Each structure stands twice: as structure tokens, then as C-alpha cells.
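Student: Handing you this structure, nothing more for now.
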Amino acid sequence: MSMLSITTQKAWWSSSQPVRTGEASLREQLLRLDEPCALVLQDGKLAVAGAGQLAYSDAPPANALPLAGYVPGLRPEQMGNPGFLSTHGVRYAYVGGAMANGIASAEMVEAMANEGLLGIFGAAGLSPRRVEETIHRLKALGDKPYGFNLIHSPNEVGLEDVLVDMYLKHGVHRVCASAFLKLTLPLVRYRLSGIHRGPDGSIVTPQHVLGKVSRLEVARKFLSPAPEAMIRQLVEKGVLTAEQAQLAAQVPIAEDLTAEADSGGHTDNRALVTLLPSLLELRDQLQEQFQYAKPIRVGAAGGISTPLSCAAAFAMGADYVLTGSVNQACIEAGTSPVVKEMLAQASQADINMAPAADMFEMGVKVQVLKWGTMFPVRARKLYDLYRAYDSIQALPAAERTVLERDYFRCTLEQEWENTRKFFEERDPRQVARAEAEPKHKLALIFRSYLGRASGWANAGDPTRKVDYQIWCGPAMGAFNEWTAGTFLAELSERKVAVVAHNLMFGAAYRTRIHWLQSQGVKLPVALQNFRPMPVGELLREH
């Protein structure tokens with residue numbers, strides 16, 4: 001039968017089971033995600049049909065009703081790339097992002113791992129000692145999924161090496177590489193360490209890199225094999241053998257690469273609807289060029305905070321999704337109750353850009369909450385002063401008075417002493433450079449305010465509320481709008497696994513709704529939206 005004859009005939013559904021009518025019956029069946037849903041017309045109204053048979057004909061078969069729409073079962077576990085699930089041993093193609101300074105806490109990672117979900121510990125900004133303590137704690141998870149952050153640290157040469165040494169020493173086989181402007185030798189060393197051929201001849205890379213990028217030129221580096229010059233360096237250092245070097249040329253730096261759109265923290269404020277398709281096309285081009293044995297997966301981040309945004313990312317071709325801002329307001333997040341309360345009241349417009357502490361001199365910015373804090377204004381003021389003046393002594397008296405009174409609450413000389421003590425432990429080379437370069441000393445002092453501002457927020461210091469640095473994207477406001485009037489509006493109910501289950505379940509639900517709508521089914525508005533549900537109710541549905 002030709003396609004033309006099918007489209008000109010009517011569709012009929014025959015079932016031995018009685019149809020169910022009413023909005024409650026429709027909702028009940030639509031929520032049963034693992035079951036197909038056949039909707040028929042009875043007396044001109046939508047009804048749910050039981051298991052049956054489809055027929056195309058001009059005249060209805062015996063006991064058949066007009067078929068309005070049909071969708072197969074779609075469980076949340078089926079959203080995204082199944083290879084992501086098998087590679088990481090997870091339930092959903094979903095990642096809890098690595099919010100810095102331990103905001104993506106050990107408690108958060110454990111809560112996700114215990115639900116079969118992948119969480120990344122927010123190691124950025126923490127001392128190596130604190131990171132190592134957390135490694136020892138999370139190793140107790142055994143084979144459950146978890147990872148650690150590895151952030152690009154251009155102003156602290158050596159820090160990446162220290163963390164990579166630690167990760168390799170303790171068997172951390174999964175890192176999220178973020179804020180990289182270019183590949184670094186420590187990152188490449190981590191990725192290629194232990195590379196070998198398995199018994200079946202396939203290339204095995206024990207260390208897994210989940211890259212996170214917002215620019216195509218950086219994405220290309222992650223999607224390509226390691227540069228030959230870096231591979232030679234690693235061979236010369238004895239890190240790789242000649243045979244391993246040959247294998248290294250056949251694998252990409254990242255097997256999973258996240259398109260980071262308009263997110264909290266480091267961001268280029270890119271639109272996901274343009275960034276993700278571009279990254280997917282680049283991935284396909286490089287796959288064709290390099291013919292990797294294991295195709296690269298591309299995920300979506302930035303703005304993922306509602307079932308519809310989650311479903312949209314998968315519809316655009318995302319292999320997985322990554323959340324950040326919404327997890328920061330959950331009870332397991334490593335920040336203070338007052339910050340969580342501020343986040344729970346945020347709207348999509350309550351955000352702004354501010355200079356980043358770790359890349360201050362480069363003019364790199366982070367996205368933060370502006371509601372209830374003066375941090376964005378004060379941070380921009382510091383950057384403007386840094387650009388205009390070359391030393392502490394060059395600052396105008398009036399500006400210096402404001403800085404010492406309102407920002408640092410001590411003299412700039414006292415602040416330098418505090419800053420020097422910090423860097424003597426973390427990176428003594430910074431101190432030596434600052435003593436020789438007055439402008440670098442100015443930068444370190446200003447960075448101390450930016451760096452401590454997130455610490456004041458995490459600790460909930462009541463004397464520093466006006467200075468809180470709270471990384472946040474518009475996703476937080478969208479999440480608050482979606483959860484308003486539901487149990488998830490309450491901070492005490494916001495748990496990372498509960499949020500993950502609802503987003504993924506809701507994404508599958510909204511996808512099935514879209515499939516029905518694309519067939520011309522007009523569902524009541526109340527059925528089109530998915531509202532948060534307790535996990536017990538969700539899991540009973542499928």
C-alpha cells in the first residue's frame with residue numbers, strides 16, 4: 001500500500017477492552033510512561049483505549065473507533081544516548097554539575113550516586129588537601145558513579161598537575177574539565193594515563209574526561225586527539241610509552257563534551273538552541289575525519305531546569321543533560337541556608353555578570369545572582385580600578401577609603417598580608433611575582449575579595465551578606481516558576497535526586513505530549529504540563 005493511500009484513509013482502533021473517558025483517565029494513562037497510549041474519539045470526545053489493533057480503511061471495522069493519536073511507551077531511562085548509561089553505569093543520561101568551592105558537595109554526589117545518577121564534586125577553588133579528603137570519602141561509593149572537577153587554572157601554574165597527580169593516585173577515573181581555554185599538559189596526561197589495548201584489541205582509556213565548552217574552537221580541541229607535541233612531551237617524561245603514544249592518536253580528549261550555554265558561573269551566555277546544533281555538527285565532522293571506534297557524545301547544559309527545557313535539549317539531539325543552578329538550592333548543596341533561601345526567591349531576571357576571581361586579569365566573567373547582594377557592582381568596580389591603576393599606591397585616596405571601609409574592612413596593606421599568607425601555602429610563586437610587580441599585587445588583593453565572597457556566601461556570614469557571590473543562571477528562576485505551588489517550592493523538599501527524577505520523568509512525559517500534538521491531538525491545557533511529583537508516586541507510574 002502506498003503512503004498516499006495510507007494518508008487518505010482513516011485510522012481505526014479496535015480493542016476488546018472498554019474505553020475510559022474523562023480527564024483523569026487521560027492523565028493516568030499519559031503518566032504510565034512505560035505503556036503505549038492510544039487515544040480514540042468516542043462521541044466526538046477523547047478517550048483512552050486499551051490494547052488493540054490499528055487498521056486503515058475508509059469504513060470502520062467492527063467495534064472500532066477513530067484513532068486520534070498513538071504514542072509508544074517512553075521511560076526516562078530511554079531519554080538520551082544509551083551509550084552514556086552503559087559507559088558510566090547510570091540510570092539516566094543526566095549529570096549533576098560541578099559547582100565550585102564544594103557547592104556540588106560530597107553529600108550531593110553521594111545522594112545522586114545512591115540513586116544511580118552521576119554527580120561531579122565541585123573541587124574548583126578548594127585546597128588540594130580538602131579535595132583529597134573528599135576523594136577518600138567518595139571512594140567508599142565503590143562502583144557507584146561519581147566524578148571530580150578539574151578546572152583550568154591559568155593563574156596558578158602547577159595546581160592542575162597537583163590535582164591530576166592526586167586523581168591518578170587515588171583512582172578517580174572520571175573528571176569534568178571546565179573553563180579550559182586551551183588544552184593543558186596535565187589534562188592530556190590525565191586522559192592518556194594507562195591507555196592500552198584490551199583483550200579484544202580495542203583501545204581502553206581508564207580515565208574519562210567530560211569536557212564542558214561554550215566555544216567551537218575550544219570544542220575542536222576536546223573532540224580531537226591530543227596534540228602531537230604534547231604526546232611527545234609525555235613520552236620524553238616517561239609518562240607514555242611509544243606504543244601508548246600511537247594509541248593516543250586514535251582517541252579524542254573527551255568522549256563526552258557538554259555544550260555549556262547560559263549557565264551560572266563561567267559562561268559566555270550562549271543560546272543553547274544555537275550552540276548545541278553547532279557542536280553536534282562539529283562532532284560529526286570530526287568523527288568522520290578521525291573515525292573513532294567509540295563515537296563522542298555531546299550533552300547540553302545551561303538553562304536545564306524544567307521538564308520542557310530538558311525535553312527540548314534531547315529533542316535537539318543532546319546525548320545527556322547537565323544541571324547546575326537548580327542543584328544549588330537543594331538541601332545537599334554545600335552552601336548556606338540563607339543562600340538557598342535567596343535562590344528560591346530568584347526570578348529569571350535576577351542575575352548579572354561579574355569578574356571571575358580565577359581569571360580576573362583576563363577579564364573573564366561569571367554569572368551571579370544580583371538580587372539581595374551588591375557583589376556584581378563591587379566586583380566590576382574592582383576590575384575597573386585594576387585596569388586604571390598599576391599599584392596600591394596609585395589608587396586615589398577617595399577610592400582607597402571606600403575599598404578599605406566597605407570591601408576589605410581593613411587597610412590594603414593588611415589585606416596584602418592576609419593574601420600573601422594564602423598564596424604562600426597555595427602557590428608561593430604568586431607572592432614572589434607580586435613583590436616584583438606592583439600591578440600583580442593589586443590583582444591578587446582584588447582577587448582575594450572575589451574569592452572570599454563565595455566563601456562568605458557558602459558559610460552564610462551574616463556580616464557579609466551584601467558581598468555574597470552566588471553563582472546562578474536564569475535556570476534558577478525558571479525552576480522556581482515551575483515548582484511554585486508544589487511541594488518542591490519548599491526548600492526542605494528540594495533534594496538533588498528528587499529534582500533529577502522529576503526533570504527526567506517530566507521530560508519523557510512532555511515528549512509524549514509533543515508526539516500526540518504533532519498528530520493533531522488537542523489535549524486540555526491541564527494535561528500538557530507536568531507538575532512535580534514525590535518520587536514514590538513517580539516510580540509507581542512506571
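Each chain of the C-alpha cells is named A, B, ... in the order shown, its residues numbered from 1; ligands are numbered from 1 in display order.
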Excluding Met504 in chain A and residues on its chain fewer than 2 positions from it, collect all residues at most 10 Å away from it, counting only C-alpha atoms, and give them as a list in words.

Tutor: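 Answer for this query is Arg75, Pro76, Glu77, Gln78, Met79, Tyr92, Ala93, Tyr94, Thr306, Pro307, Leu308, Cys310, Ala311, Val321, Val499, Ala500, His501, Asn502, Gly506, Ala507, Ala508, Tyr509 and Arg510 of chain A.
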
Student: Need to verify the contact set: Lys10 in chain A, 9 Å, only C-alpha atoms, exclusion of same-chain residues closer than 5 positions in sequence. Can you return it as a PyMOL selection string?

Tutor: chain A and resi 55-60+66-67

Student: Please, could you write that set of residues out with N, CA, C and O atoms as an mmCIF file, in the first residue's frame?

Tutor:
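Listing of out04.cif after writing:
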data_model
loop_
_atom_site.group_PDB
_atom_site.id
_atom_site.type_symbol
_atom_site.label_atom_id
_atom_site.label_comp_id
_atom_site.auth_asym_id
_atom_site.auth_seq_id
_atom_site.Cartn_x
_atom_site.Cartn_y
_atom_site.Cartn_z
ATOM 1 N N ALA A 55 -6.033 -0.226 12.250
ATOM 2 C CA ALA A 55 -6.434 -0.540 10.880
ATOM 3 C C ALA A 55 -6.638 0.759 10.112
ATOM 4 O O ALA A 55 -7.096 1.762 10.668
ATOM 5 N N TYR A 56 -6.260 0.748 8.835
ATOM 6 C CA TYR A 56 -6.505 1.871 7.937
ATOM 7 C C TYR A 56 -7.572 1.448 6.929
ATOM 8 O O TYR A 56 -7.394 0.457 6.209
ATOM 9 N N SER A 57 -8.659 2.164 6.877
ATOM 10 C CA SER A 57 -9.707 1.857 5.895
ATOM 11 C C SER A 57 -10.677 3.028 5.827
ATOM 12 O O SER A 57 -10.737 3.859 6.731
ATOM 13 N N ASP A 58 -11.435 3.067 4.746
ATOM 14 C CA ASP A 58 -12.437 4.131 4.612
ATOM 15 C C ASP A 58 -13.598 3.921 5.563
ATOM 16 O O ASP A 58 -14.156 4.874 6.100
ATOM 17 N N ALA A 59 -13.941 2.661 5.758
ATOM 18 C CA ALA A 59 -15.057 2.322 6.644
ATOM 19 C C ALA A 59 -14.506 1.678 7.918
ATOM 20 O O ALA A 59 -13.528 0.930 7.866
ATOM 21 N N PRO A 60 -15.123 1.915 9.076
ATOM 22 C CA PRO A 60 -14.597 1.352 10.332
ATOM 23 C C PRO A 60 -14.818 -0.153 10.408
ATOM 24 O O PRO A 60 -15.904 -0.643 10.068
ATOM 25 N N PRO A 66 -12.515 5.758 15.828
ATOM 26 C CA PRO A 66 -11.496 6.572 15.163
ATOM 27 C C PRO A 66 -10.293 6.799 16.084
ATOM 28 O O PRO A 66 -10.458 7.158 17.261
ATOM 29 N N LEU A 67 -9.092 6.552 15.546
ATOM 30 C CA LEU A 67 -7.870 6.757 16.322
ATOM 31 C C LEU A 67 -7.447 8.216 16.209
ATOM 32 O O LEU A 67 -7.176 8.713 15.110
#

Student: Would you please give, as a list in words, all residues of range 210-276 of chain A that DSSP assigns to strand (DSSP E) based on the backbone?

Tutor: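 Answer for range 210-276 of chain A restricted to strand (DSSP E) is Leu210, Gly211, Lys212, Val213, Asp256, Leu257, Thr258, Ala259, Glu260, Gly265 and His266 of chain A.
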
Student: Each residue of range 40-148 of chain A lying at most 12 Å from range 401-425 of chain A should get a row with its shortest atom-to-atom pair and the distance in Å to one decimal, counting only C-alpha atoms; could you produce that, ordered by chain and increasing number, as JSON lines?

Tutor:
{"residue": "A:Ser127", "atom": "CA", "partner": "A:Glu425", "partner_atom": "CA", "distance": 9.4}
{"residue": "A:Pro128", "atom": "CA", "partner": "A:Glu425", "partner_atom": "CA", "distance": 10.7}
{"residue": "A:Arg129", "atom": "CA", "partner": "A:Glu425", "partner_atom": "CA", "distance": 11.1}

Student: Go ahead and save the picked residues with C-alpha atoms, as an mmCIF file, in the first residue's frame.

Tutor:
data_model
loop_
_atom_site.group_PDB
_atom_site.id
_atom_site.type_symbol
_atom_site.label_atom_id
_atom_site.label_comp_id
_atom_site.auth_asym_id
_atom_site.auth_seq_id
_atom_site.Cartn_x
_atom_site.Cartn_y
_atom_site.Cartn_z
ATOM 1 C CA SER A 127 42.699 23.364 48.553
ATOM 2 C CA PRO A 128 44.300 20.111 47.376
ATOM 3 C CA ARG A 129 44.079 18.853 50.943
#

Student: Could you give me, as a count of residues only, the residues within 9 Å of range 158-162 of chain A, counting only C-alpha atoms and dropping anything in the same chain fewer than 3 positions from it?

Tutor: 14

Student: Sorted by chain and rising residue number, list the residues of range 30-127 of chain A at most 10 Å from range 481-495 of chain A (counting only C-alpha atoms), each with its closest atom pair and distance in Å to one decimal, as JSON lines.

Tutor:
{"residue": "A:Met108", "atom": "CA", "partner": "A:Lys495", "partner_atom": "CA", "distance": 8.6}
{"residue": "A:Ala111", "atom": "CA", "partner": "A:Lys495", "partner_atom": "CA", "distance": 8.4}
{"residue": "A:Met112", "atom": "CA", "partner": "A:Lys495", "partner_atom": "CA", "distance": 9.4}

Student: Excluding Val377 in chain A and its own-chain neighbours fewer than 5 positions away, which residues fall within 12 Å of it when counting only C-alpha atoms? Please give them as a PyMOL selection string.

Tutor: chain A and resi 351-355+368-372+382-384+407+450+466-469

Student: Can you list every residue in range 7-121 of chain A that DSSP puts in helix (DSSP H, G or I), as a PyMOL selection string?

Tutor: chain A and resi 7-8+23-31+76-78+82-88+106-113

Student: Taking into account only C-alpha atoms, which residue in the set A:Leu126, A:Ala457, A:Cys176, A:Ala113 is nearest to Ser336 in chain A?

Tutor: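 Using only C-alpha atoms, the shortest distance to Ser336 in chain A belongs to A:Ala457.
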
Student: Write out as a list in words which residues come within 12 Å of Gln17 in chain A when counting only C-alpha atoms, dropping same-chain ones fewer than 4 positions away.

Tutor: Trp13, Val48, Ala49, Gly50, Ala51, Gly52, Gln53, Asn63 and Ala64 of chain A

Student: Between CA of Phe148 in chain A and CA of Glu107 in chain A, measure the distance and give it in Å to one decimal.

Tutor: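 For CA of Phe148 in chain A relative to CA of Glu107 in chain A, the distance reads 13.3 Å.
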
Student: Please provide as a ChimeraX atom specification all residues within 7 Å of Ala478 in chain A, with the sequence filter that same-chain residues fewer than 4 positions apart are discarded (counting only C-alpha atoms).

Tutor: /A:305,348,474,482

Student: Counting only C-alpha atoms, which residue out of A:Arg189, A:Arg380, A:Lys144, A:Lys212 sits closest to Tyr449 in chain A?

Tutor: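 Between A:Arg189, A:Arg380, A:Lys144, A:Lys212, the residue approaching Tyr449 in chain A most closely is A:Arg380.
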
Student: Could you pull the residues within 8 Å of Leu181 in chain A, counting only C-alpha atoms, minus those fewer than 2 positions along the same chain, as a VMD selection string?

Tutor: chain A and resid 152 179 183 218

Student: Which residues of range 66-85 of chain A come within 12 Å of range 248-258 of chain A, and for each one, what is the closest pair of atoms and their distance in Å to one decimal, counting only C-alpha atoms, sorted by chain and residue number, as CSV?

Tutor:
residue,atom,partner,partner_atom,distance
A:Asn81,CA,A:Asp256,CA,10.9
A:Gly83,CA,A:Asp256,CA,10.5
A:Phe84,CA,A:Asp256,CA,8.4
A:Leu85,CA,A:Asp256,CA,11.9

Student: For a quick check of understanding, using only C-alpha atoms, which of A:Tyr320, A:Arg137, A:Ser16, A:Ser193 has the smallest distance to His88 in chain A?

Tutor: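 Of all the options, A:Tyr320 lies closest to His88 in chain A.
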
Student: Can you measure CA of Pro199 in chain A to CA of Gly171 in chain A for me? One decimal in Å is fine.

Tutor: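 Pair CA of Pro199 in chain A / CA of Gly171 in chain A returns 21.6 Å.
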
Student: What separation in Å, quoted to one decimal, exists between CA of Ala11 in chain A and CA of Leu54 in chain A?

Tutor: 6.9 Å
